[in-house]
Amino acid sequence: MKIIDGVKASAAYREKIKAEVAEIIDSGKRAPHLAAVLVGDDPASQTYVANKEKACRSVGITSTLYRLPADTSQEELLKVIRFINQDEEIDGVIVQLPLPEAIHKDIVLQSIDPAKDVDGFHPVNVGKMVAGLPAYLPATPYGILMLFEHFNIKTEGKNCVVLGRSNIVGTPMSLLLSRKANPGNATVTTLHSYSVNTAEILSAADIIIAAIGKPLFVKADWVKKGAVVVDVGIHRVPSETTQSGFKLIGDVDFEAVSSKASWITPVPGGVGPMTITALLMNTLKAFKNEIYS
């Protein structure tokens, strides 16, 4: 069994981004610029945004945080996004989810200029991705592709099972692995809450992407010997063995499954670091007008 170390892979990719950003600045141009919009005071969202800001600083990308109170109206939020859309000094924008219940997420995400949609959630970018055209890819699936590339994990001709069908991870991951590209060219099955014979289908998979949102859902006897297992889930559960009283676990029973997998991501330290690195990569692409010229 080998660990798909997201921390090491992320560090390698970020060094490349940092070097390219330094060349941009040395040539007399401004640094790429990412803006984040945070509505409310959800602790997990605040932590995630803080991590994004720290990551931007580490590679030389400028970051700006628009922090709005929880009672911000939808129209007030849309006004902020319109302002960012028109700011030529900002290359990419992300709206941190979840949003307060009174705000319609889809309306907000669709208000972002597709050319600045570095989260890859706008229908224009989703459509371009489906059509196999250049697009900003959603950060988590993009990060997983980068992991496969970094560790030279082959997907061509493999039987891949994606657990989960969310618009953020499961659905785009299925599309990207089945497309005619590298990584890609896999035979993909998507499983979800209405699927039957889940264990049987998983047991035939060469590659498992677990993004079902259920702690320790994937058991060892569901995984065939030598499978590649990527765990997207992250759950905070009580623990008597840690000083904080909590620990992080994924959708996969790591201790049991790791004895059967050829490659496996840990939680934490697997997919998570690559999600933010993929966002940095998209921001650099936005600055360079690689997707929209």
# chains A, B, ... in the order shown; residues from 1 in each chain; ligands from 1
>>> closest_atom_pairs(of="region 152-197 of chain A", to="region 220-237 of chain A", cutoff="12 Å", atoms="only C-alpha atoms", output="CSV")
residue,atom,partner,partner_atom,distance
A:Asn152,CA,A:Val228,CA,12.0
A:Ile153,CA,A:Val228,CA,8.5
A:Lys154,CA,A:Val228,CA,9.8
A:Thr155,CA,A:Val228,CA,9.9
A:Lys158,CA,A:Ala227,CA,10.1
A:Asn159,CA,A:Ala227,CA,9.8
A:Cys160,CA,A:Val228,CA,9.2
A:Val161,CA,A:Val229,CA,9.8
A:Val162,CA,A:Val230,CA,9.5
A:Leu163,CA,A:Val232,CA,9.7
A:Gly164,CA,A:Val232,CA,10.1
A:Ser166,CA,A:Val232,CA,11.9
A:Ile168,CA,A:Val232,CA,11.3
A:Val169,CA,A:Val232,CA,8.5
A:Gly170,CA,A:Val232,CA,9.7
A:Met173,CA,A:Val232,CA,11.1
A:Asn197,CA,A:Trp222,CA,10.7
>>> residues_around(residues="Arg82 (chain A)", least_positions_apart="6", cutoff="10 Å", atoms="only C-alpha atoms", output="list in words")
Glu76, Ser111, Ile112 and Asp113 of chain A
>>> atom_distance(atom1="CA of Pro238 (chain A)", atom2="CA of Met274 (chain A)")
25.7 Å
>>> residues_around(residues="Phe151 (chain A)", least_positions_apart="5", cutoff="9 Å", atoms="only C-alpha atoms", output="NGL selection string")
:A and (4-5 or 9 or 146)
>>> write_last_selection(atoms="C-alpha atoms", output="PDB file, in the first residue's frame")
ATOM      1  CA  ILE A   4      -1.408   9.360  -2.015  1.00  0.00           C
ATOM      2  CA  ASP A   5       0.149  12.210  -0.047  1.00  0.00           C
ATOM      3  CA  ALA A   9       1.868  16.776  -4.058  1.00  0.00           C
ATOM      4  CA  MET A 146      -3.596  16.452 -10.285  1.00  0.00           C
TER       5      MET A 146
END
>>> select_by_dssp(residues="region 120-232 of chain A", states="alpha helix (DSSP H)", output="number ranges by chain")
A: 123-130, 139-150, 170-178, 198-202
>>> closest_residue(among="A:Ser27, A:Thr187, A:Thr62, A:Gln96", to="Val39 (chain A)", atoms="only C-alpha atoms")
A:Gln96
>>> select_by_dssp(residues="region 49-281 of chain A", states="strand (DSSP E)", output="VMD selection string")
chain A and resid 62 to 68 92 to 95 159 to 163 187 to 191 207 to 210 228 to 231 235 to 238 246 to 249 263 to 264
>>> write_last_selection(atoms="N, CA and C atoms", output="mmCIF file, in the first residue's frame")
data_model
loop_
_atom_site.group_PDB
_atom_site.id
_atom_site.type_symbol
_atom_site.label_atom_id
_atom_site.label_comp_id
_atom_site.auth_asym_id
_atom_site.auth_seq_id
_atom_site.Cartn_x
_atom_site.Cartn_y
_atom_site.Cartn_z
ATOM 1 N N THR A 62 -2.271 37.676 -4.835
ATOM 2 C CA THR A 62 -2.986 38.640 -4.004
ATOM 3 C C THR A 62 -4.364 38.089 -3.660
ATOM 4 N N SER A 63 -4.784 38.246 -2.405
ATOM 5 C CA SER A 63 -6.121 37.799 -2.010
ATOM 6 C C SER A 63 -6.859 38.931 -1.297
ATOM 7 N N THR A 64 -8.138 39.021 -1.580
ATOM 8 C CA THR A 64 -9.003 40.006 -0.935
ATOM 9 C C THR A 64 -10.232 39.295 -0.411
ATOM 10 N N LEU A 65 -10.599 39.573 0.834
ATOM 11 C CA LEU A 65 -11.774 38.955 1.435
ATOM 12 C C LEU A 65 -12.869 40.001 1.625
ATOM 13 N N TYR A 66 -14.025 39.719 1.051
ATOM 14 C CA TYR A 66 -15.212 40.540 1.268
ATOM 15 C C TYR A 66 -16.049 39.808 2.315
ATOM 16 N N ARG A 67 -16.018 40.308 3.536
ATOM 17 C CA ARG A 67 -16.716 39.666 4.648
ATOM 18 C C ARG A 67 -18.039 40.394 4.895
ATOM 19 N N LEU A 68 -19.155 39.678 4.757
ATOM 20 C CA LEU A 68 -20.480 40.264 4.884
ATOM 21 C C LEU A 68 -21.233 39.634 6.050
ATOM 22 N N GLY A 92 -10.066 36.302 -10.267
ATOM 23 C CA GLY A 92 -10.961 35.216 -9.892
ATOM 24 C C GLY A 92 -11.753 35.554 -8.651
ATOM 25 N N VAL A 93 -12.954 34.972 -8.543
ATOM 26 C CA VAL A 93 -13.796 35.207 -7.369
ATOM 27 C C VAL A 93 -14.441 33.892 -6.939
ATOM 28 N N ILE A 94 -14.492 33.682 -5.642
ATOM 29 C CA ILE A 94 -15.208 32.538 -5.085
ATOM 30 C C ILE A 94 -16.193 33.048 -4.051
ATOM 31 N N VAL A 95 -17.352 32.442 -4.016
ATOM 32 C CA VAL A 95 -18.340 32.719 -2.975
ATOM 33 C C VAL A 95 -18.370 31.500 -2.073
ATOM 34 N N ASN A 159 -11.704 0.417 -14.414
ATOM 35 C CA ASN A 159 -13.089 0.422 -13.947
ATOM 36 C C ASN A 159 -13.156 1.307 -12.712
ATOM 37 N N CYS A 160 -13.763 2.466 -12.875
ATOM 38 C CA CYS A 160 -13.789 3.468 -11.799
ATOM 39 C C CYS A 160 -15.212 3.626 -11.260
ATOM 40 N N VAL A 161 -15.343 3.641 -9.943
ATOM 41 C CA VAL A 161 -16.636 3.862 -9.306
ATOM 42 C C VAL A 161 -16.558 5.138 -8.479
ATOM 43 N N VAL A 162 -17.498 6.053 -8.752
ATOM 44 C CA VAL A 162 -17.591 7.306 -8.001
ATOM 45 C C VAL A 162 -18.801 7.206 -7.073
ATOM 46 N N LEU A 163 -18.546 7.323 -5.789
ATOM 47 C CA LEU A 163 -19.617 7.290 -4.785
ATOM 48 C C LEU A 163 -20.071 8.714 -4.508
ATOM 49 N N THR A 187 -13.702 3.680 -17.496
ATOM 50 C CA THR A 187 -15.103 3.259 -17.544
ATOM 51 C C THR A 187 -15.697 3.571 -16.178
ATOM 52 N N VAL A 188 -16.673 4.504 -16.149
ATOM 53 C CA VAL A 188 -17.106 5.090 -14.878
ATOM 54 C C VAL A 188 -18.530 4.681 -14.513
ATOM 55 N N THR A 189 -18.699 4.267 -13.273
ATOM 56 C CA THR A 189 -20.020 4.012 -12.692
ATOM 57 C C THR A 189 -20.231 4.984 -11.542
ATOM 58 N N THR A 190 -21.404 5.615 -11.498
ATOM 59 C CA THR A 190 -21.739 6.519 -10.401
ATOM 60 C C THR A 190 -22.739 5.848 -9.475
ATOM 61 N N LEU A 191 -22.418 5.785 -8.196
ATOM 62 C CA LEU A 191 -23.314 5.236 -7.185
ATOM 63 C C LEU A 191 -23.828 6.354 -6.290
ATOM 64 N N ILE A 207 -10.605 1.695 -9.339
ATOM 65 C CA ILE A 207 -10.448 2.994 -8.688
ATOM 66 C C ILE A 207 -11.758 3.351 -8.006
ATOM 67 N N ILE A 208 -11.691 3.758 -6.747
ATOM 68 C CA ILE A 208 -12.875 4.199 -6.008
ATOM 69 C C ILE A 208 -12.670 5.651 -5.587
ATOM 70 N N ILE A 209 -13.630 6.507 -5.940
ATOM 71 C CA ILE A 209 -13.648 7.888 -5.460
ATOM 72 C C ILE A 209 -14.821 7.989 -4.494
ATOM 73 N N ALA A 210 -14.557 8.123 -3.212
ATOM 74 C CA ALA A 210 -15.612 8.137 -2.199
ATOM 75 C C ALA A 210 -15.957 9.570 -1.817
ATOM 76 N N VAL A 228 -7.227 1.416 -6.184
ATOM 77 C CA VAL A 228 -6.837 2.769 -5.798
ATOM 78 C C VAL A 228 -8.050 3.409 -5.125
ATOM 79 N N VAL A 229 -7.861 3.962 -3.929
ATOM 80 C CA VAL A 229 -8.979 4.507 -3.157
ATOM 81 C C VAL A 229 -8.711 5.975 -2.821
ATOM 82 N N VAL A 230 -9.613 6.836 -3.288
ATOM 83 C CA VAL A 230 -9.516 8.273 -3.021
ATOM 84 C C VAL A 230 -10.690 8.675 -2.139
ATOM 85 N N ASP A 231 -10.379 9.195 -0.962
ATOM 86 C CA ASP A 231 -11.396 9.537 0.037
ATOM 87 C C ASP A 231 -11.588 11.051 0.071
ATOM 88 N N HIS A 235 -14.958 14.244 8.174
ATOM 89 C CA HIS A 235 -15.937 14.312 9.250
ATOM 90 C C HIS A 235 -15.204 14.494 10.577
ATOM 91 N N ARG A 236 -15.716 15.361 11.416
ATOM 92 C CA ARG A 236 -15.139 15.621 12.740
ATOM 93 C C ARG A 236 -15.941 14.816 13.761
ATOM 94 N N VAL A 237 -15.269 13.871 14.393
ATOM 95 C CA VAL A 237 -15.958 12.974 15.332
ATOM 96 C C VAL A 237 -15.244 12.984 16.682
ATOM 97 N N PRO A 238 -15.967 12.668 17.753
ATOM 98 C CA PRO A 238 -15.339 12.623 19.088
ATOM 99 C C PRO A 238 -14.234 11.563 19.144
ATOM 100 N N PHE A 246 -11.393 15.473 19.565
ATOM 101 C CA PHE A 246 -11.982 15.167 18.268
ATOM 102 C C PHE A 246 -10.903 14.672 17.316
ATOM 103 N N LYS A 247 -11.329 13.999 16.254
ATOM 104 C CA LYS A 247 -10.423 13.619 15.180
ATOM 105 C C LYS A 247 -11.167 13.692 13.852
ATOM 106 N N LEU A 248 -10.416 13.720 12.768
ATOM 107 C CA LEU A 248 -11.004 13.767 11.439
ATOM 108 C C LEU A 248 -10.937 12.381 10.797
ATOM 109 N N ILE A 249 -12.053 11.980 10.217
ATOM 110 C CA ILE A 249 -12.109 10.723 9.474
ATOM 111 C C ILE A 249 -12.793 10.976 8.135
ATOM 112 N N TRP A 263 -3.040 2.074 -3.605
ATOM 113 C CA TRP A 263 -2.842 3.481 -3.283
ATOM 114 C C TRP A 263 -4.075 3.949 -2.510
ATOM 115 N N ILE A 264 -3.872 4.838 -1.534
ATOM 116 C CA ILE A 264 -5.008 5.363 -0.778
ATOM 117 C C ILE A 264 -4.677 6.749 -0.239
#
>>> atom_distance(atom1="CA of Pro98 (chain A)", atom2="CA of Val271 (chain A)")
19.8 Å
>>> atom_distance(atom1="CA of Ala256 (chain A)", atom2="CA of Leu176 (chain A)")
28.5 Å
>>> closest_residue(among="A:Ala286, A:Leu133, A:Leu77, A:Ala12", to="Lys180 (chain A)", atoms="only C-alpha atoms")
A:Leu133
>>> closest_residue(among="A:Gly60, A:Gly269, A:Pro123, A:Gly6", to="Arg30 (chain A)", atoms="only C-alpha atoms")
A:Gly60
>>> closest_residue(among="A:Ala115, A:Thr72, A:Ile81, A:Asp206", to="Ser262 (chain A)", atoms="only C-alpha atoms")
A:Asp206
>>> closest_atom_pairs(of="region 165-237 of chain A", to="region 125-131 of chain A", cutoff="9 Å", atoms="only C-alpha atoms", output="CSV")
residue,atom,partner,partner_atom,distance
A:Pro172,CA,A:Val126,CA,8.2
A:Leu175,CA,A:Val130,CA,6.9
A:Leu176,CA,A:Met129,CA,8.0
A:Arg179,CA,A:Val130,CA,8.7
>>> write_last_selection(atoms="C-alpha atoms", output="PDB file, in the first residue's frame")
ATOM      1  CA  PRO A 172     -17.910  16.424 -12.424  1.00  0.00           C
ATOM      2  CA  LEU A 175     -17.410  13.259 -16.329  1.00  0.00           C
ATOM      3  CA  LEU A 176     -13.707  14.050 -16.080  1.00  0.00           C
ATOM      4  CA  ARG A 179     -13.497  12.001 -20.997  1.00  0.00           C
TER       5      ARG A 179
END
>>> residues_around(residues="Ala70 (chain A)", least_positions_apart="3", cutoff="8 Å", atoms="only C-alpha atoms", output="compact mmCIF listing (two decimals) with N, CA and C atoms, in the first residue's frame")
# COMPACT_ATOMS: atom_id res chain seq x y z
N VAL A 39 -20.17 35.17 3.61
CA VAL A 39 -21.39 35.71 4.21
C VAL A 39 -21.67 34.96 5.51
N GLY A 40 -21.72 35.69 6.62
CA GLY A 40 -21.98 35.06 7.90
C GLY A 40 -20.72 34.65 8.62
N ASP A 41 -20.89 33.88 9.70
CA ASP A 41 -19.76 33.53 10.57
C ASP A 41 -19.68 32.03 10.84
N PRO A 100 -26.41 31.76 3.72
CA PRO A 100 -27.61 31.78 4.57
C PRO A 100 -28.84 31.31 3.80
